[in-house]
Amino acid sequence: SWGIPLPWDPDHVAYVWVDALVNYVTASGQIRPDGARGAQGFGPRREGSRWPADLHLVGKDILTTHAVYWPTLLMGVGLPLPDKILAHGWWVVGETKMSKSLGNVVDPLGLREDFGADAVRWYLIREMSTGQDASYTPERFLTRYGELTNILGNLAHRTLSMIARYRDGIVPGAPGQGLTSETEQALRTYHSAMSEYRLHEAMAAAMDLARDANGYVEAREPWAQAKDPAQSDELDETLTTLVRVLAVLTCLFEPVMPGKSRVLAARIGLGEAPTFADLETLVIEGKVVTRGEPLFPRVEVEGTRET
């Protein structure tokens with residue numbers, strides 16, 4: 001009584017999860033209405049093909065459906081399985097899953113209006129560990145936003161301001177080799193985490209590099225170097241190092257904060273966020289920088305919006 005009788009066996013019925021699951025393949029255009037396979041065929045992955053999926057991302061509440069029923073259907077008709085299935089957790093408020101019926105759903109459009117889309121994405125990725133639940137609170141959101149303001153935004157502002165003040169807005173021609181080991185470590189951690197879908201750890205590695213760069217500023221004291229003509233080369237090295245790190249950061253943050261990464265890349269004279277391949281031969285010396293408004297303005301709010 002709760003499903004659609006199977007034409008070949010009236011004692012069994014099917015329900016939405018059978019029809020919905022099949023749509024993953026039929027919607028890809030690789031199965032035509034007459035049952036024939038599409039032009040791309042199946043088997044080993046071909047360029048531009050949509051199935052089988054490299055990664056099938058599902059909610060943990062429908063893991064059984066996608067890890068048992070769906071593979072059974074695919075094997076039953078001789079179609080390939082997805083390479084991997086990853087079940088993500090829930091966003092909860094306290095101990096309760098967000099639900100419209102409970103009235104505890106946070107309005108993402110309101111958060112976007114107050115903080116910007118990039119900041120909302122940053123919070124969602126930074127706060128949730130892969131496969132685990134994450135609890136939303138306005139306080140945690142503001143803490144994560146504070147990372148953007150106080151660490152990344154502060155680094156960009158002070159770097160661009162010093163280049164404008166001390167070098168007429170032009171990146172010096174120094175090697176910029178400071179923070180090399182920290183940058184290499186951040187890249188290793190980032191790539192390792194991304195390859196295992198631990199996005200929160202990848203973003204943490206990127207923010208740690210920004211934190212290291214702020215520490216580098218405090219240790220080098222470029223404001224003191226600028227007062228001593230004998231330290232002109234040291235000042236050039238400091239400023240060039242900082243811009244080089246900012247270039248790396250635009251690449252690392254781009255998947256989660258594409259808008260701000262483009263803005264920052266433009267401000268350091270790159271036009272767009274570099275790729276990892278670009279970083280190998282990136283030339284920043286002589287680039288003209290612009291300060292602009294703060295990347296992440298300080299926002300004073302009493303709370304965040306809920307529906």
# chains A, B, ... in the order shown; residues from 1 in each chain; ligands from 1

call {"tool": "closest_atom_pairs", "arguments": {"of": "range 186-287 of chain A", "to": "range 144-161 of chain A", "cutoff": "12 Å", "atoms": "only C-alpha atoms", "output": "Markdown table"}}
result
| residue | atom | partner | partner_atom | distance |
| --- | --- | --- | --- | --- |
| A:His200 | CA | A:Arg144 | CA | 11.9 |
| A:Met203 | CA | A:Glu147 | CA | 11.3 |
| A:Ala204 | CA | A:Glu147 | CA | 10.3 |
| A:Ala206 | CA | A:Leu152 | CA | 9.6 |
| A:Met207 | CA | A:Leu152 | CA | 7.2 |
| A:Asp208 | CA | A:Ile151 | CA | 9.0 |
| A:Leu209 | CA | A:Leu152 | CA | 9.4 |
| A:Ala210 | CA | A:Leu152 | CA | 5.8 |
| A:Arg211 | CA | A:Ile151 | CA | 6.0 |
| A:Asp212 | CA | A:Ile151 | CA | 9.5 |
| A:Ala213 | CA | A:Leu155 | CA | 7.2 |
| A:Asn214 | CA | A:Leu155 | CA | 6.0 |
| A:Gly215 | CA | A:Leu155 | CA | 9.7 |
| A:Tyr216 | CA | A:Leu155 | CA | 10.3 |
| A:Val217 | CA | A:Leu155 | CA | 8.7 |
| A:Glu218 | CA | A:Leu155 | CA | 11.0 |
| A:Glu221 | CA | A:Arg158 | CA | 11.7 |
| A:Pro222 | CA | A:Thr159 | CA | 9.8 |
| A:Trp223 | CA | A:Arg158 | CA | 10.7 |
| A:Leu235 | CA | A:Thr159 | CA | 11.7 |
| A:Asp236 | CA | A:Thr159 | CA | 11.8 |
| A:Thr238 | CA | A:Thr159 | CA | 9.5 |
| A:Leu239 | CA | A:Thr159 | CA | 6.9 |
| A:Thr240 | CA | A:Thr159 | CA | 9.4 |
| A:Thr241 | CA | A:Thr159 | CA | 9.9 |
| A:Leu242 | CA | A:Thr159 | CA | 6.6 |
| A:Val243 | CA | A:Thr159 | CA | 7.2 |
| A:Arg244 | CA | A:Thr159 | CA | 10.7 |
| A:Val245 | CA | A:Leu155 | CA | 9.9 |
| A:Leu246 | CA | A:Ala156 | CA | 7.1 |
| A:Ala247 | CA | A:Ala156 | CA | 10.4 |
| A:Leu249 | CA | A:Leu152 | CA | 8.8 |
| A:Thr250 | CA | A:Leu152 | CA | 10.3 |
| A:Phe253 | CA | A:Leu152 | CA | 10.3 |
| A:Met257 | CA | A:Leu148 | CA | 10.7 |
| A:Lys260 | CA | A:Gly153 | CA | 10.0 |
| A:Ser261 | CA | A:Leu152 | CA | 10.9 |
| A:Val263 | CA | A:Ala156 | CA | 10.9 |
| A:Leu264 | CA | A:Ala156 | CA | 7.7 |
| A:Ala265 | CA | A:Ala156 | CA | 10.5 |
| A:Ala266 | CA | A:Leu160 | CA | 11.7 |
| A:Arg267 | CA | A:Leu160 | CA | 8.1 |
| A:Ile268 | CA | A:Leu160 | CA | 7.7 |
| A:Gly269 | CA | A:Leu160 | CA | 10.9 |
| A:Lys287 | CA | A:Leu160 | CA | 11.6 |

call {"tool": "write_last_selection", "arguments": {"atoms": "C-alpha atoms", "output": "mmCIF file, in the first residue's frame"}}
result
data_model
loop_
_atom_site.group_PDB
_atom_site.id
_atom_site.type_symbol
_atom_site.label_atom_id
_atom_site.label_comp_id
_atom_site.auth_asym_id
_atom_site.auth_seq_id
_atom_site.Cartn_x
_atom_site.Cartn_y
_atom_site.Cartn_z
ATOM 1 C CA HIS A 200 38.337 21.865 7.225
ATOM 2 C CA MET A 203 41.471 25.603 5.310
ATOM 3 C CA ALA A 204 43.135 25.440 8.720
ATOM 4 C CA ALA A 206 45.891 27.994 4.828
ATOM 5 C CA MET A 207 44.921 30.128 7.807
ATOM 6 C CA ASP A 208 47.952 28.905 9.744
ATOM 7 C CA LEU A 209 50.157 30.218 6.937
ATOM 8 C CA ALA A 210 48.452 33.610 7.186
ATOM 9 C CA ARG A 211 49.037 33.499 10.932
ATOM 10 C CA ASP A 212 52.719 32.697 10.369
ATOM 11 C CA ALA A 213 52.982 35.661 8.013
ATOM 12 C CA ASN A 214 51.585 37.994 10.660
ATOM 13 C CA GLY A 215 54.178 36.625 13.064
ATOM 14 C CA TYR A 216 56.831 37.284 10.423
ATOM 15 C CA VAL A 217 55.756 40.932 10.307
ATOM 16 C CA GLU A 218 56.106 41.258 14.064
ATOM 17 C CA GLU A 221 59.454 44.972 12.200
ATOM 18 C CA PRO A 222 59.365 46.554 8.729
ATOM 19 C CA TRP A 223 58.372 49.897 10.245
ATOM 20 C CA LEU A 235 62.779 45.853 4.048
ATOM 21 C CA ASP A 236 62.514 44.832 0.402
ATOM 22 C CA THR A 238 60.227 41.516 4.068
ATOM 23 C CA LEU A 239 57.685 43.140 1.771
ATOM 24 C CA THR A 240 58.320 40.813 -1.163
ATOM 25 C CA THR A 241 58.013 37.778 1.103
ATOM 26 C CA LEU A 242 54.653 38.993 2.364
ATOM 27 C CA VAL A 243 53.280 39.554 -1.131
ATOM 28 C CA ARG A 244 54.492 36.122 -2.206
ATOM 29 C CA VAL A 245 52.653 34.573 0.738
ATOM 30 C CA LEU A 246 49.509 36.526 -0.134
ATOM 31 C CA ALA A 247 49.718 35.111 -3.660
ATOM 32 C CA LEU A 249 46.943 32.320 0.044
ATOM 33 C CA THR A 250 44.750 33.496 -2.837
ATOM 34 C CA PHE A 253 41.478 30.030 -0.259
ATOM 35 C CA MET A 257 36.281 32.073 -0.990
ATOM 36 C CA LYS A 260 37.712 37.494 -1.910
ATOM 37 C CA SER A 261 40.535 35.545 -3.546
ATOM 38 C CA VAL A 263 39.843 40.714 -4.998
ATOM 39 C CA LEU A 264 43.092 40.008 -3.157
ATOM 40 C CA ALA A 265 44.806 38.729 -6.308
ATOM 41 C CA ALA A 266 43.865 41.936 -8.110
ATOM 42 C CA ARG A 267 45.169 44.056 -5.249
ATOM 43 C CA ILE A 268 48.610 42.460 -5.445
ATOM 44 C CA GLY A 269 48.695 42.973 -9.200
ATOM 45 C CA LYS A 287 53.682 44.483 -9.558
#

call {"tool": "residues_around", "arguments": {"residues": "range 7-19 of chain A", "least_positions_apart": "5", "cutoff": "10 Å", "atoms": "only C-alpha atoms", "output": "CSV table (one decimal) with C-alpha atoms, in the first residue's frame"}}
result
chain,number,residue,atom,x,y,z
A,1,SER,CA,0.0,0.0,0.0
A,2,TRP,CA,3.0,2.3,0.4
A,24,TYR,CA,21.7,9.7,-11.2
A,62,ILE,CA,20.6,8.3,3.5
A,65,THR,CA,20.2,3.9,0.5
A,66,HIS,CA,23.3,4.9,-1.4
A,69,TYR,CA,20.4,-0.2,-2.5
A,70,TRP,CA,22.1,1.9,-5.2
A,73,LEU,CA,20.7,-1.6,-8.6

call {"tool": "closest_residue", "arguments": {"among": "A:Val77, A:Val106, A:Ala119, A:Val289", "to": "Ile170 in chain A", "atoms": "only C-alpha atoms"}}
result
A:Val289

call {"tool": "residues_around", "arguments": {"residues": "Val93 in chain A", "least_positions_apart": "3", "cutoff": "10 Å", "atoms": "only C-alpha atoms", "output": "tab-separated table (two decimals) with N, CA and C atoms, in the first residue's frame"}}
result
chain	number	residue	atom	x	y	z
A	90	TRP	N	25.35	16.42	9.83
A	90	TRP	CA	24.26	17.38	9.88
A	90	TRP	C	24.72	18.65	10.57
A	96	THR	N	20.02	19.10	18.37
A	96	THR	CA	18.90	18.83	17.47
A	96	THR	C	19.24	19.23	16.04
A	97	LYS	N	18.93	18.34	15.09
A	97	LYS	CA	19.13	18.64	13.68
A	97	LYS	C	18.26	19.82	13.28
A	98	MET	N	18.82	20.70	12.43
A	98	MET	CA	18.03	21.81	11.93
A	98	MET	C	16.83	21.29	11.15
A	99	SER	N	15.67	21.89	11.42
A	99	SER	CA	14.44	21.45	10.76
A	99	SER	C	13.47	22.62	10.70
A	104	ASN	N	14.10	25.91	13.92
A	104	ASN	CA	15.46	26.23	14.36
A	104	ASN	C	16.43	26.36	13.19
A	105	VAL	N	15.90	26.65	12.00
A	105	VAL	CA	16.74	26.78	10.81
A	105	VAL	C	17.31	28.18	10.73
A	106	VAL	N	18.60	28.27	10.50
A	106	VAL	CA	19.28	29.56	10.34
A	106	VAL	C	19.18	29.98	8.88
A	134	ALA	N	28.01	19.19	12.98
A	134	ALA	CA	28.55	20.47	13.44
A	134	ALA	C	27.41	21.28	14.04
A	135	SER	N	27.70	21.94	15.13
A	135	SER	CA	26.68	22.71	15.84
A	135	SER	C	26.82	24.19	15.51
A	136	TYR	N	25.74	24.77	15.00
A	136	TYR	CA	25.76	26.20	14.68
A	136	TYR	C	25.41	27.02	15.92
A	137	THR	N	26.21	28.05	16.16
A	137	THR	CA	25.86	29.07	17.14
A	137	THR	C	26.33	30.41	16.58

call {"tool": "select_by_dssp", "arguments": {"residues": "range 72-109 of chain A", "states": "helix (DSSP H, G or I)", "output": "PyMOL selection string"}}
result
chain A and resi 72-76+108-109

call {"tool": "atom_distance", "arguments": {"atom1": "CA of Leu295 in chain A", "atom2": "CA of Glu254 in chain A"}}
result
14.0 Å

call {"tool": "atom_distance", "arguments": {"atom1": "CA of Leu252 in chain A", "atom2": "CA of Phe141 in chain A"}}
result
21.0 Å

call {"tool": "closest_residue", "arguments": {"among": "A:Ile85, A:Ser232, A:Ala224, A:Pro108", "to": "Thr64 in chain A", "atoms": "only C-alpha atoms"}}
result
A:Ile85

call {"tool": "closest_residue", "arguments": {"among": "A:Pro297, A:Ala186, A:Lys227, A:His88", "to": "Cys251 in chain A", "atoms": "only C-alpha atoms"}}
result
A:Ala186

call {"tool": "select_by_dssp", "arguments": {"residues": "range 46-287 of chain A", "states": "strand (DSSP E)", "output": "ChimeraX atom specification"}}
result
/A:55-59,84-88,91-93,96-97,134-135

call {"tool": "closest_residue", "arguments": {"among": "A:Glu201, A:Leu6, A:Pro52, A:Ala117", "to": "Ser28 in chain A", "atoms": "only C-alpha atoms"}}
result
A:Pro52
